[in-house]
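Right, one structure below, let's go through it.
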Amino acid sequence: MTQTLEHLTHALLDAARKAGADAADAMAVAGTSVSIDVRAGKLEQADRSEGTDIGLRVMIGQRQANVSSSDTRPETLAMMAERAVAMAKEAPEDPYIGLAAPDQLARDWDIAALEMADPTPEPDPAALQEDAQRAEAAALAVEGVSQVQSASAGYGHRLVHLAATNGFSGGYARTDRATSCVAIAGSGTAMERDHDGDMRIFQSDLRSPEDIGETAARRTVERMHPRKPKTGAYPVLFDERIAASLIGHLLAAINGTAIARGSSWMLGALGEQVLPKGMNLIEDPHRPRATGSRPFDAEGLATSRREIVTDGVLTGWTLDLATARKLGLQSTGNAARGTSAPPSPTTWNVALTQGAKTKDDLLRDMGTGLLVTSMIGSTINPNTGDYSRGASGFWVENGEIQYPVNECTIAGNLRDMLSTIIPANDARTYLSRVVPSLLVEGMTLAGD
């Protein structure tokens with residue numbers, strides 16, 4: 001299959017040349033996914049999908065167009081190329097598009113060292129069903145759980161190959177294995193729900209179904225009989241489950257697309273203090289068994305470790321070739337793409353410096369405030385960083401959890417929030433975003 005995908009990408013490039021393209025790149029993706037859902041101990045749904053998608057981007061001068069298809073017949077490849085060239089001729093000019101120069105391209109990568117794919121055989125659907133049943137049974141065994149909304153197990157395998165007329169050609173495989181469970185407690189208007197799940201590249205790393213089911217159930221029961229918290233200014237502790245969202249807002253604000261458009265609350269922040277002193281935010285696309293790892297980006301540039309924030313100071317933007325050219329900088333090797341769109345910048349694996357204290361230590365330090373375990377909705381001003389989100393979690397007094405809360409809103413400004421965060425030491429180091437629980441002082445809570 002790997003050779004087939006490589007052949008497809010090169011056939012697309014040949015078709016693009018014949019159709020009159022000045023330059024082109026092509027991507028082929030072949031995937032298999034299996035998903036099993038159970039309910040009340042019985043199979044509720046089983047899905048399996050297999051397919052191949054191909055995408056072609058062509059350039060005529062400084063004009064470009066992108067086409068994609070799931071039909072890989074030779075006549076389709078020729079039609080795609082002709083259509084893409086015709087579209088490109090009508091597209092507006094963009095002075096910043098273009099393939100990488102040959103001397104920019106990645107070479108001699110070691111895919112095996114990244115452990116991006118589990119070599120063990122695809123699990124049998126019966127084994128996936130058993131995992132889902134075990135998770136459901138474990139959740140139902142917890143006192144207070146009235147039903148399990150869903151228990152699922154799945155597997156995915158994907159092959160990717162990228163080639164371009166500048167001479168680049170490379171590909172890799174990815175796998176994932178997942179189990180999840182959503183439990184419900186109570187009934188009617190007093191019903192509460194919560195979930196847990198785990199997804200890993202290697203099946204042997206996956207947490208047990210019993211652990212996932214029990215955790216989902218425990219979280220659900222703890223949410224019973226919530227109240228509204230007090231309105232006012234209080235410290236807020238973002239649980240590790242959702243703390244990565246705060247760092248996600250920072251990563252979105254330093255994305256080259258937002259910076260090049262001038263629509264970011266981090267404009268002008270390069271070289272400034274954006275996190276507390278002593279804190280680093282490091283991107284490492286070469287971490288073994290991490291979902292964000294890759295040897296090269298979607299433009300064929302080598303990926304590399306970089307410090308996005310050093311000692312609290314922002315050191316650079318996240319760039320692909322086009323945004324780098326627009327800003328007069330160099331690409332950071334962060335281009336991503338699918339088959340139906342041109343490249344755009346994104347981040348790979350990131351890790352925030354962990355603290356010396358546990359989450360319980362931070363709860364004691366905060367005294368009275370809110371522990372947030374889930375959030376809904378989002379109102380974030382991309383230009384000012386003003387932040388407002390619906391939240392639920394637990395009210396804390398004298399450093400101890402008192403009762404669950406919901407139907408509240410937390411608000412602040414992201415620049416101010418991030419500059420004062422205090423990290424715990426509970427981050428899960430196998431995730432693509434390794435972010436611990438984060439304490440933010442003085443946010444505005446709207447409740448009772």
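Chains: A, B, ... in order of the structure tokens. Residues: from 1 per chain. Ligands: from 1, in order shown.
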
**Asked** Quick one: DSSP alpha helix (DSSP H) residues in segment 253-369 of chain A, as number ranges by chain?
**Response** A: 253, 256-261, 321-327, 359-366

Saved selection, atoms kept: N, CA and C atoms, as a compact mmCIF listing (two decimals), in the first residue's frame:
# COMPACT_ATOMS: atom_id res chain seq x y z
N ALA A 253 -3.03 32.19 18.98
CA ALA A 253 -2.72 33.62 18.84
C ALA A 253 -1.35 33.86 18.22
N GLY A 256 1.01 31.77 12.56
CA GLY A 256 1.41 32.69 11.52
C GLY A 256 0.25 33.27 10.72
N THR A 257 -0.81 32.50 10.54
CA THR A 257 -1.96 33.01 9.80
C THR A 257 -2.58 34.20 10.52
N ALA A 258 -2.78 34.08 11.84
CA ALA A 258 -3.36 35.18 12.61
C ALA A 258 -2.42 36.38 12.65
N ILE A 259 -1.13 36.13 12.80
CA ILE A 259 -0.16 37.22 12.87
C ILE A 259 -0.08 37.95 11.53
N ALA A 260 -0.04 37.20 10.43
CA ALA A 260 0.05 37.81 9.11
C ALA A 260 -1.18 38.64 8.77
N ARG A 261 -2.32 38.22 9.29
CA ARG A 261 -3.57 38.97 9.05
C ARG A 261 -3.71 40.15 10.00
N LEU A 321 5.55 28.08 4.97
CA LEU A 321 6.32 28.86 4.01
C LEU A 321 5.64 30.18 3.65
N ALA A 322 4.32 30.13 3.38
CA ALA A 322 3.62 31.33 2.93
C ALA A 322 3.59 32.42 4.00
N THR A 323 3.23 32.04 5.24
CA THR A 323 3.17 33.05 6.29
C THR A 323 4.56 33.57 6.64
N ALA A 324 5.57 32.70 6.55
CA ALA A 324 6.94 33.15 6.80
C ALA A 324 7.37 34.18 5.77
N ARG A 325 7.06 33.92 4.50
CA ARG A 325 7.43 34.89 3.46
C ARG A 325 6.71 36.22 3.67
N LYS A 326 5.45 36.15 4.06
CA LYS A 326 4.69 37.39 4.27
C LYS A 326 5.27 38.21 5.41
N LEU A 327 5.82 37.54 6.41
CA LEU A 327 6.37 38.23 7.57
C LEU A 327 7.88 38.49 7.45
N LYS A 359 -1.81 19.12 42.50
CA LYS A 359 -3.08 19.83 42.35
C LYS A 359 -3.70 20.09 43.71
N ASP A 360 -3.59 19.15 44.63
CA ASP A 360 -4.12 19.35 45.99
C ASP A 360 -3.40 20.50 46.70
N ASP A 361 -2.10 20.63 46.45
CA ASP A 361 -1.35 21.76 47.03
C ASP A 361 -1.92 23.08 46.52
N LEU A 362 -2.20 23.15 45.21
CA LEU A 362 -2.74 24.38 44.65
C LEU A 362 -4.15 24.66 45.17
N LEU A 363 -4.93 23.60 45.41
CA LEU A 363 -6.26 23.80 46.01
C LEU A 363 -6.13 24.43 47.39
N ARG A 364 -5.17 23.94 48.17
CA ARG A 364 -4.97 24.53 49.50
C ARG A 364 -4.50 25.98 49.39
N ASP A 365 -3.63 26.25 48.42
CA ASP A 365 -3.11 27.59 48.26
C ASP A 365 -4.18 28.58 47.82
N MET A 366 -5.15 28.11 47.01
CA MET A 366 -6.14 29.04 46.47
C MET A 366 -7.16 29.46 47.52

**Item:** Shell of 7 Å around Ser432 of chain A, only C-alpha atoms, local chain residues under 4 positions omitted, as an NGL selection string
**Value:** :A and (290-292 or 349-350)

Selection export as an mmCIF file, in the first residue's frame, atoms kept: C-alpha atoms:
data_model
loop_
_atom_site.group_PDB
_atom_site.id
_atom_site.type_symbol
_atom_site.label_atom_id
_atom_site.label_comp_id
_atom_site.auth_asym_id
_atom_site.auth_seq_id
_atom_site.Cartn_x
_atom_site.Cartn_y
_atom_site.Cartn_z
ATOM 1 C CA ALA A 290 3.139 10.933 20.574
ATOM 2 C CA THR A 291 0.285 11.749 18.215
ATOM 3 C CA GLY A 292 1.825 15.037 17.070
ATOM 4 C CA ASN A 349 3.697 18.174 20.324
ATOM 5 C CA VAL A 350 4.020 20.895 22.965
#

**Message:** Using only C-alpha atoms for the distances, tell me which of A:Gly248, A:Ala335, A:Val372, A:Ala15 is nearest to Val396 of chain A.
**Reply:** A:Val372

**Item:** Shell of 12 Å around segment 213-218 of chain A, only C-alpha atoms, local chain residues under 5 positions omitted, as a ChimeraX atom specification
**Value:** /A:131-153,179-186,192-198,207-208,223-224

**Prompt:** Looking at A:Leu43, A:Gly51, A:Leu314, A:Ala23, which one is nearest to Arg63 of chain A, with distances taken over only C-alpha atoms?
**Reply:**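 Under the stated criterion, the closest residue is A:Ala23.
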
**Prompt:** Of the residues A:Leu5, A:Val405, A:Ala341, A:Val313, which is the one nearest to Ala269 of chain A, using only C-alpha atoms?
**Reply:**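 Smallest distance to Ala269 of chain A is found for A:Val313.
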
**Who sits within 8 Å of Leu418 of chain A, only C-alpha atoms, same chain under 4 positions skipped, as an MDAnalysis selection string** = chainID A and resid 246 274:276 414 440

Dump all heavy atoms for the selected residues as an mmCIF file, in the first residue's frame?
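Final file, again.cif:
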data_model
loop_
_atom_site.group_PDB
_atom_site.id
_atom_site.type_symbol
_atom_site.label_atom_id
_atom_site.label_comp_id
_atom_site.auth_asym_id
_atom_site.auth_seq_id
_atom_site.Cartn_x
_atom_site.Cartn_y
_atom_site.Cartn_z
ATOM 1 N N LEU A 246 -6.157 26.543 27.660
ATOM 2 C CA LEU A 246 -5.545 27.861 27.853
ATOM 3 C C LEU A 246 -4.299 28.013 26.982
ATOM 4 O O LEU A 246 -4.091 29.048 26.339
ATOM 5 C CB LEU A 246 -5.171 28.078 29.317
ATOM 6 C CG LEU A 246 -6.307 28.337 30.310
ATOM 7 C CD1 LEU A 246 -5.729 28.567 31.699
ATOM 8 C CD2 LEU A 246 -7.141 29.530 29.882
ATOM 9 N N VAL A 274 5.251 36.570 28.321
ATOM 10 C CA VAL A 274 3.863 36.140 28.137
ATOM 11 C C VAL A 274 3.453 35.069 29.145
ATOM 12 O O VAL A 274 2.268 34.812 29.351
ATOM 13 C CB VAL A 274 3.624 35.634 26.698
ATOM 14 C CG1 VAL A 274 3.836 36.759 25.698
ATOM 15 C CG2 VAL A 274 4.510 34.437 26.375
ATOM 16 N N LEU A 275 4.430 34.399 29.754
ATOM 17 C CA LEU A 275 4.211 33.435 30.824
ATOM 18 C C LEU A 275 5.108 33.846 31.989
ATOM 19 O O LEU A 275 6.054 34.619 31.806
ATOM 20 C CB LEU A 275 4.558 32.010 30.370
ATOM 21 C CG LEU A 275 3.714 31.395 29.253
ATOM 22 C CD1 LEU A 275 4.275 30.021 28.883
ATOM 23 C CD2 LEU A 275 2.251 31.278 29.648
ATOM 24 N N PRO A 276 4.857 33.342 33.195
ATOM 25 C CA PRO A 276 5.717 33.687 34.325
ATOM 26 C C PRO A 276 7.164 33.256 34.089
ATOM 27 O O PRO A 276 7.436 32.291 33.358
ATOM 28 C CB PRO A 276 5.092 32.900 35.488
ATOM 29 C CG PRO A 276 3.671 32.702 35.092
ATOM 30 C CD PRO A 276 3.696 32.520 33.610
ATOM 31 N N LEU A 414 -6.891 36.901 28.439
ATOM 32 C CA LEU A 414 -5.910 35.836 28.295
ATOM 33 C C LEU A 414 -4.485 36.304 28.543
ATOM 34 O O LEU A 414 -3.680 35.585 29.141
ATOM 35 C CB LEU A 414 -6.028 35.203 26.901
ATOM 36 C CG LEU A 414 -7.225 34.272 26.714
ATOM 37 C CD1 LEU A 414 -7.462 33.993 25.244
ATOM 38 C CD2 LEU A 414 -7.011 32.963 27.471
ATOM 39 N N VAL A 440 -5.137 30.177 38.135
ATOM 40 C CA VAL A 440 -5.174 31.571 37.651
ATOM 41 C C VAL A 440 -5.819 32.413 38.753
ATOM 42 O O VAL A 440 -6.936 32.137 39.196
ATOM 43 C CB VAL A 440 -5.994 31.685 36.353
ATOM 44 C CG1 VAL A 440 -6.052 33.147 35.907
ATOM 45 C CG2 VAL A 440 -5.384 30.817 35.259
#

**Message:** Need the shell around Arg227 of chain A: protein/DNA/RNA residues with any atom at most 12 Å away, counting only C-alpha atoms. Skip same-chain ones fewer than 4 positions apart. Format as number ranges by chain?
**Reply:** A: 190, 223, 392-395, 402-408, 447-448

So that I have them on file, write out the residues from the current selection with all heavy atoms, as a tab-separated table (two decimals), in the first residue's frame.
chain	number	residue	atom	x	y	z
A	190	ALA	N	-32.47	16.19	37.37
A	190	ALA	CA	-31.33	16.02	38.28
A	190	ALA	C	-30.26	15.11	37.68
A	190	ALA	O	-29.39	14.61	38.39
A	190	ALA	CB	-31.81	15.44	39.61
A	223	ARG	N	-20.51	14.84	40.42
A	223	ARG	CA	-21.18	16.03	39.90
A	223	ARG	C	-22.62	16.17	40.39
A	223	ARG	O	-23.28	17.19	40.12
A	223	ARG	CB	-21.20	15.99	38.37
A	223	ARG	CG	-19.85	16.15	37.72
A	223	ARG	CD	-19.93	15.87	36.23
A	223	ARG	NE	-20.80	16.83	35.56
A	223	ARG	CZ	-20.37	17.80	34.77
A	223	ARG	NH1	-19.07	17.95	34.55
A	223	ARG	NH2	-21.20	18.62	34.18
A	392	SER	N	-18.14	24.42	34.68
A	392	SER	CA	-18.66	23.64	35.80
A	392	SER	C	-17.48	22.98	36.49
A	392	SER	O	-16.40	22.83	35.91
A	392	SER	CB	-19.68	22.59	35.34
A	392	SER	OG	-19.09	21.67	34.44
A	393	GLY	N	-17.69	22.58	37.73
A	393	GLY	CA	-16.60	21.98	38.49
A	393	GLY	C	-16.95	21.88	39.95
A	393	GLY	O	-18.03	21.37	40.29
A	394	PHE	N	-16.10	22.42	40.83
A	394	PHE	CA	-16.30	22.28	42.27
A	394	PHE	C	-15.91	23.56	43.00
A	394	PHE	O	-14.90	24.19	42.68
A	394	PHE	CB	-15.48	21.10	42.81
A	394	PHE	CG	-15.84	19.79	42.20
A	394	PHE	CD1	-15.21	19.35	41.04
A	394	PHE	CD2	-16.83	19.00	42.75
A	394	PHE	CE1	-15.57	18.14	40.45
A	394	PHE	CE2	-17.19	17.79	42.18
A	394	PHE	CZ	-16.56	17.36	41.03
A	395	TRP	N	-16.76	23.95	43.96
A	395	TRP	CA	-16.46	25.11	44.79
A	395	TRP	C	-15.50	24.71	45.90
A	395	TRP	O	-15.64	23.65	46.51
A	395	TRP	CB	-17.74	25.68	45.37
A	395	TRP	CG	-17.52	26.99	46.07
A	395	TRP	CD1	-17.61	27.26	47.39
A	395	TRP	CD2	-17.15	28.23	45.44
A	395	TRP	NE1	-17.32	28.56	47.65
A	395	TRP	CE2	-17.03	29.20	46.46
A	395	TRP	CE3	-16.90	28.61	44.12
A	395	TRP	CZ2	-16.68	30.52	46.21
A	395	TRP	CZ3	-16.56	29.92	43.86
A	395	TRP	CH2	-16.45	30.86	44.90
A	402	GLN	N	-15.94	21.68	48.43
A	402	GLN	CA	-17.17	21.70	49.23
A	402	GLN	C	-18.35	21.06	48.50
A	402	GLN	O	-19.07	20.26	49.08
A	402	GLN	CB	-17.53	23.15	49.59
A	402	GLN	CG	-16.45	23.86	50.39
A	402	GLN	CD	-16.17	23.18	51.71
A	402	GLN	OE1	-17.10	22.88	52.48
A	402	GLN	NE2	-14.89	22.95	52.01
A	403	TYR	N	-18.56	21.43	47.24
A	403	TYR	CA	-19.71	20.90	46.51
A	403	TYR	C	-19.53	21.17	45.01
A	403	TYR	O	-18.76	22.06	44.62
A	403	TYR	CB	-21.03	21.53	46.99
A	403	TYR	CG	-21.02	23.04	47.04
A	403	TYR	CD1	-21.26	23.82	45.90
A	403	TYR	CD2	-20.78	23.71	48.24
A	403	TYR	CE1	-21.26	25.20	45.95
A	403	TYR	CE2	-20.77	25.11	48.29
A	403	TYR	CZ	-21.02	25.84	47.14
A	403	TYR	OH	-21.02	27.21	47.20
A	404	PRO	N	-20.23	20.39	44.17
A	404	PRO	CA	-20.14	20.61	42.72
A	404	PRO	C	-20.89	21.87	42.32
A	404	PRO	O	-21.87	22.25	42.98
A	404	PRO	CB	-20.77	19.36	42.11
A	404	PRO	CG	-21.68	18.85	43.17
A	404	PRO	CD	-21.05	19.20	44.49
A	405	VAL	N	-20.44	22.51	41.24
A	405	VAL	CA	-21.11	23.71	40.74
A	405	VAL	C	-21.29	23.61	39.23
A	405	VAL	O	-20.54	22.91	38.53
A	405	VAL	CB	-20.30	24.99	41.07
A	405	VAL	CG1	-20.15	25.17	42.56
A	405	VAL	CG2	-18.94	24.96	40.40
A	406	ASN	N	-22.32	24.29	38.73
A	406	ASN	CA	-22.51	24.43	37.29
A	406	ASN	C	-23.22	25.74	37.01
A	406	ASN	O	-23.45	26.55	37.91
A	406	ASN	CB	-23.26	23.23	36.70
A	406	ASN	CG	-24.67	23.10	37.23
A	406	ASN	OD1	-25.18	23.97	37.95
A	406	ASN	ND2	-25.34	22.01	36.88
A	407	GLU	N	-23.55	25.97	35.75
A	407	GLU	CA	-24.26	27.18	35.33
A	407	GLU	C	-23.55	28.45	35.81
A	407	GLU	O	-24.14	29.33	36.40
A	407	GLU	CB	-25.70	27.15	35.84
A	407	GLU	CG	-26.52	26.01	35.27
A	407	GLU	CD	-27.97	26.07	35.74
A	407	GLU	OE1	-28.39	27.11	36.29
A	407	GLU	OE2	-28.68	25.08	35.55
A	408	CYS	N	-22.26	28.50	35.54
A	408	CYS	CA	-21.52	29.71	35.86
A	408	CYS	C	-20.65	30.10	34.68
A	408	CYS	O	-20.42	29.30	33.76
A	408	CYS	CB	-20.67	29.53	37.12
A	408	CYS	SG	-19.26	28.44	36.93
A	447	GLY	N	-22.21	33.77	38.88
A	447	GLY	CA	-23.07	32.68	39.34
A	447	GLY	C	-24.28	33.24	40.04
A	447	GLY	O	-25.05	33.99	39.46
A	448	ASP	N	-24.44	32.93	41.33
A	448	ASP	CA	-25.53	33.51	42.12
A	448	ASP	C	-25.18	34.91	42.53
A	448	ASP	O	-24.05	35.21	42.90
A	448	ASP	CB	-25.78	32.65	43.38
A	448	ASP	CG	-26.79	31.56	43.11
A	448	ASP	OD1	-27.55	31.69	42.12
A	448	ASP	OD2	-26.81	30.57	43.86

**Prompt:** So which one's closest to Asp22 of chain A, A:Val38, A:Leu8, A:Ile422, A:Ala84? Using only C-alpha atoms, please.
**Reply:**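 The closest residue to Asp22 of chain A is A:Ala84.
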
**Message:** Between A:Arg174, A:Arg57, A:His161, A:Arg48, which residue has the minimum interatomic distance to Thr9 of chain A, considering only C-alpha atoms?
**Reply:** A:His161

**Prompt:** Hey, which of A:Ala427, A:Met417, A:Val435, A:Met266 ends up closest to Thr384 of chain A? Count only C-alpha atoms.
**Reply:**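 Under the stated criterion, the closest residue is A:Met266.
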
**Request:** Find the residues around Met27 of chain A up to 9 Å (only C-alpha atoms counted), leave out those fewer than 6 positions away in its own chain, and share them as a PyMOL selection string.
**Result:** chain A and resi 5-6+8-9+12+53-57+160-164+298+337-339

**DSSP-assigned strand (DSSP E or B) members of segment 167-372 of chain A, reported as a count of residues only** = 62

**Request:** Report the distance between atom CA of Leu270 of chain A and atom CA of Asp103 of chain A in Å, rounded to one decimal place.
**Result:** 28.0 Å

**Message:** Report as number ranges by chain all protein, DNA and RNA residues lying within 12 Å of Ala244 of chain A, evaluated on only C-alpha atoms, omitting residues in the same chain fewer than 5 positions from it.
**Reply:** A: 238-239, 249-251, 281, 349-352, 373-374, 418, 423, 427-428, 431-438

Kindly export the residues of the current selection with N, CA and C atoms, as a PDB file, in the first residue's frame.
ATOM      1  N   PHE A 238      -7.767  25.475  36.809  1.00  0.00           N
ATOM      2  CA  PHE A 238      -8.163  24.700  35.639  1.00  0.00           C
ATOM      3  C   PHE A 238      -7.604  23.289  35.783  1.00  0.00           C
ATOM      4  N   ASP A 239      -8.498  22.319  35.902  1.00  0.00           N
ATOM      5  CA  ASP A 239      -8.074  20.923  36.038  1.00  0.00           C
ATOM      6  C   ASP A 239      -7.252  20.500  34.823  1.00  0.00           C
ATOM      7  N   HIS A 249      -5.165  28.514  23.362  1.00  0.00           N
ATOM      8  CA  HIS A 249      -5.475  29.887  22.951  1.00  0.00           C
ATOM      9  C   HIS A 249      -4.197  30.667  22.645  1.00  0.00           C
ATOM     10  N   LEU A 250      -3.147  30.425  23.430  1.00  0.00           N
ATOM     11  CA  LEU A 250      -1.869  31.076  23.169  1.00  0.00           C
ATOM     12  C   LEU A 250      -1.308  30.610  21.829  1.00  0.00           C
ATOM     13  N   LEU A 251      -1.360  29.299  21.575  1.00  0.00           N
ATOM     14  CA  LEU A 251      -0.826  28.763  20.323  1.00  0.00           C
ATOM     15  C   LEU A 251      -1.594  29.292  19.120  1.00  0.00           C
ATOM     16  N   LEU A 281       7.680  26.781  27.079  1.00  0.00           N
ATOM     17  CA  LEU A 281       6.721  26.048  26.261  1.00  0.00           C
ATOM     18  C   LEU A 281       7.505  25.499  25.077  1.00  0.00           C
ATOM     19  N   ASN A 349       3.731  18.450  18.885  1.00  0.00           N
ATOM     20  CA  ASN A 349       3.697  18.174  20.324  1.00  0.00           C
ATOM     21  C   ASN A 349       4.236  19.371  21.103  1.00  0.00           C
ATOM     22  N   VAL A 350       3.515  19.805  22.123  1.00  0.00           N
ATOM     23  CA  VAL A 350       4.020  20.895  22.965  1.00  0.00           C
ATOM     24  C   VAL A 350       3.964  20.461  24.427  1.00  0.00           C
ATOM     25  N   ALA A 351       4.877  21.006  25.225  1.00  0.00           N
ATOM     26  CA  ALA A 351       4.920  20.689  26.654  1.00  0.00           C
ATOM     27  C   ALA A 351       5.218  21.962  27.432  1.00  0.00           C
ATOM     28  N   LEU A 352       4.395  22.216  28.450  1.00  0.00           N
ATOM     29  CA  LEU A 352       4.574  23.359  29.334  1.00  0.00           C
ATOM     30  C   LEU A 352       5.328  22.906  30.579  1.00  0.00           C
ATOM     31  N   THR A 373     -13.609  21.730  35.919  1.00  0.00           N
ATOM     32  CA  THR A 373     -13.329  20.420  35.323  1.00  0.00           C
ATOM     33  C   THR A 373     -13.914  20.261  33.927  1.00  0.00           C
ATOM     34  N   SER A 374     -14.828  21.156  33.535  1.00  0.00           N
ATOM     35  CA  SER A 374     -15.356  21.116  32.170  1.00  0.00           C
ATOM     36  C   SER A 374     -15.845  22.498  31.783  1.00  0.00           C
ATOM     37  N   LEU A 418      -2.515  34.343  31.480  1.00  0.00           N
ATOM     38  CA  LEU A 418      -1.332  33.532  31.216  1.00  0.00           C
ATOM     39  C   LEU A 418      -0.094  34.073  31.921  1.00  0.00           C
ATOM     40  N   PRO A 423       1.573  26.448  37.691  1.00  0.00           N
ATOM     41  CA  PRO A 423       1.344  25.068  37.255  1.00  0.00           C
ATOM     42  C   PRO A 423       1.460  24.057  38.383  1.00  0.00           C
ATOM     43  N   ALA A 427       0.634  16.783  34.814  1.00  0.00           N
ATOM     44  CA  ALA A 427       0.411  16.618  33.374  1.00  0.00           C
ATOM     45  C   ALA A 427       0.664  15.176  32.951  1.00  0.00           C
ATOM     46  N   ARG A 428      -0.137  14.706  31.991  1.00  0.00           N
ATOM     47  CA  ARG A 428       0.067  13.376  31.409  1.00  0.00           C
ATOM     48  C   ARG A 428       1.090  13.517  30.281  1.00  0.00           C
ATOM     49  N   LEU A 431       0.559  12.732  26.271  1.00  0.00           N
ATOM     50  CA  LEU A 431      -0.324  13.479  25.401  1.00  0.00           C
ATOM     51  C   LEU A 431       0.462  14.360  24.433  1.00  0.00           C
ATOM     52  N   SER A 432      -0.198  14.765  23.367  1.00  0.00           N
ATOM     53  CA  SER A 432       0.439  15.675  22.433  1.00  0.00           C
ATOM     54  C   SER A 432       0.623  17.052  23.056  1.00  0.00           C
ATOM     55  N   ARG A 433      -0.333  17.469  23.910  1.00  0.00           N
ATOM     56  CA  ARG A 433      -0.189  18.710  24.666  1.00  0.00           C
ATOM     57  C   ARG A 433      -0.028  18.361  26.140  1.00  0.00           C
ATOM     58  N   VAL A 434       1.183  18.499  26.618  1.00  0.00           N
ATOM     59  CA  VAL A 434       1.502  18.148  27.994  1.00  0.00           C
ATOM     60  C   VAL A 434       1.373  19.410  28.846  1.00  0.00           C
ATOM     61  N   VAL A 435       0.211  19.547  29.482  1.00  0.00           N
ATOM     62  CA  VAL A 435      -0.089  20.745  30.268  1.00  0.00           C
ATOM     63  C   VAL A 435      -0.683  20.311  31.608  1.00  0.00           C
ATOM     64  N   PRO A 436      -0.116  20.737  32.728  1.00  0.00           N
ATOM     65  CA  PRO A 436      -0.648  20.364  34.043  1.00  0.00           C
ATOM     66  C   PRO A 436      -1.835  21.245  34.418  1.00  0.00           C
ATOM     67  N   SER A 437      -2.448  20.953  35.569  1.00  0.00           N
ATOM     68  CA  SER A 437      -3.465  21.843  36.120  1.00  0.00           C
ATOM     69  C   SER A 437      -2.853  23.227  36.311  1.00  0.00           C
ATOM     70  N   LEU A 438      -3.659  24.266  36.055  1.00  0.00           N
ATOM     71  CA  LEU A 438      -3.152  25.636  36.101  1.00  0.00           C
ATOM     72  C   LEU A 438      -4.028  26.502  36.981  1.00  0.00           C
TER      73      LEU A 438
END
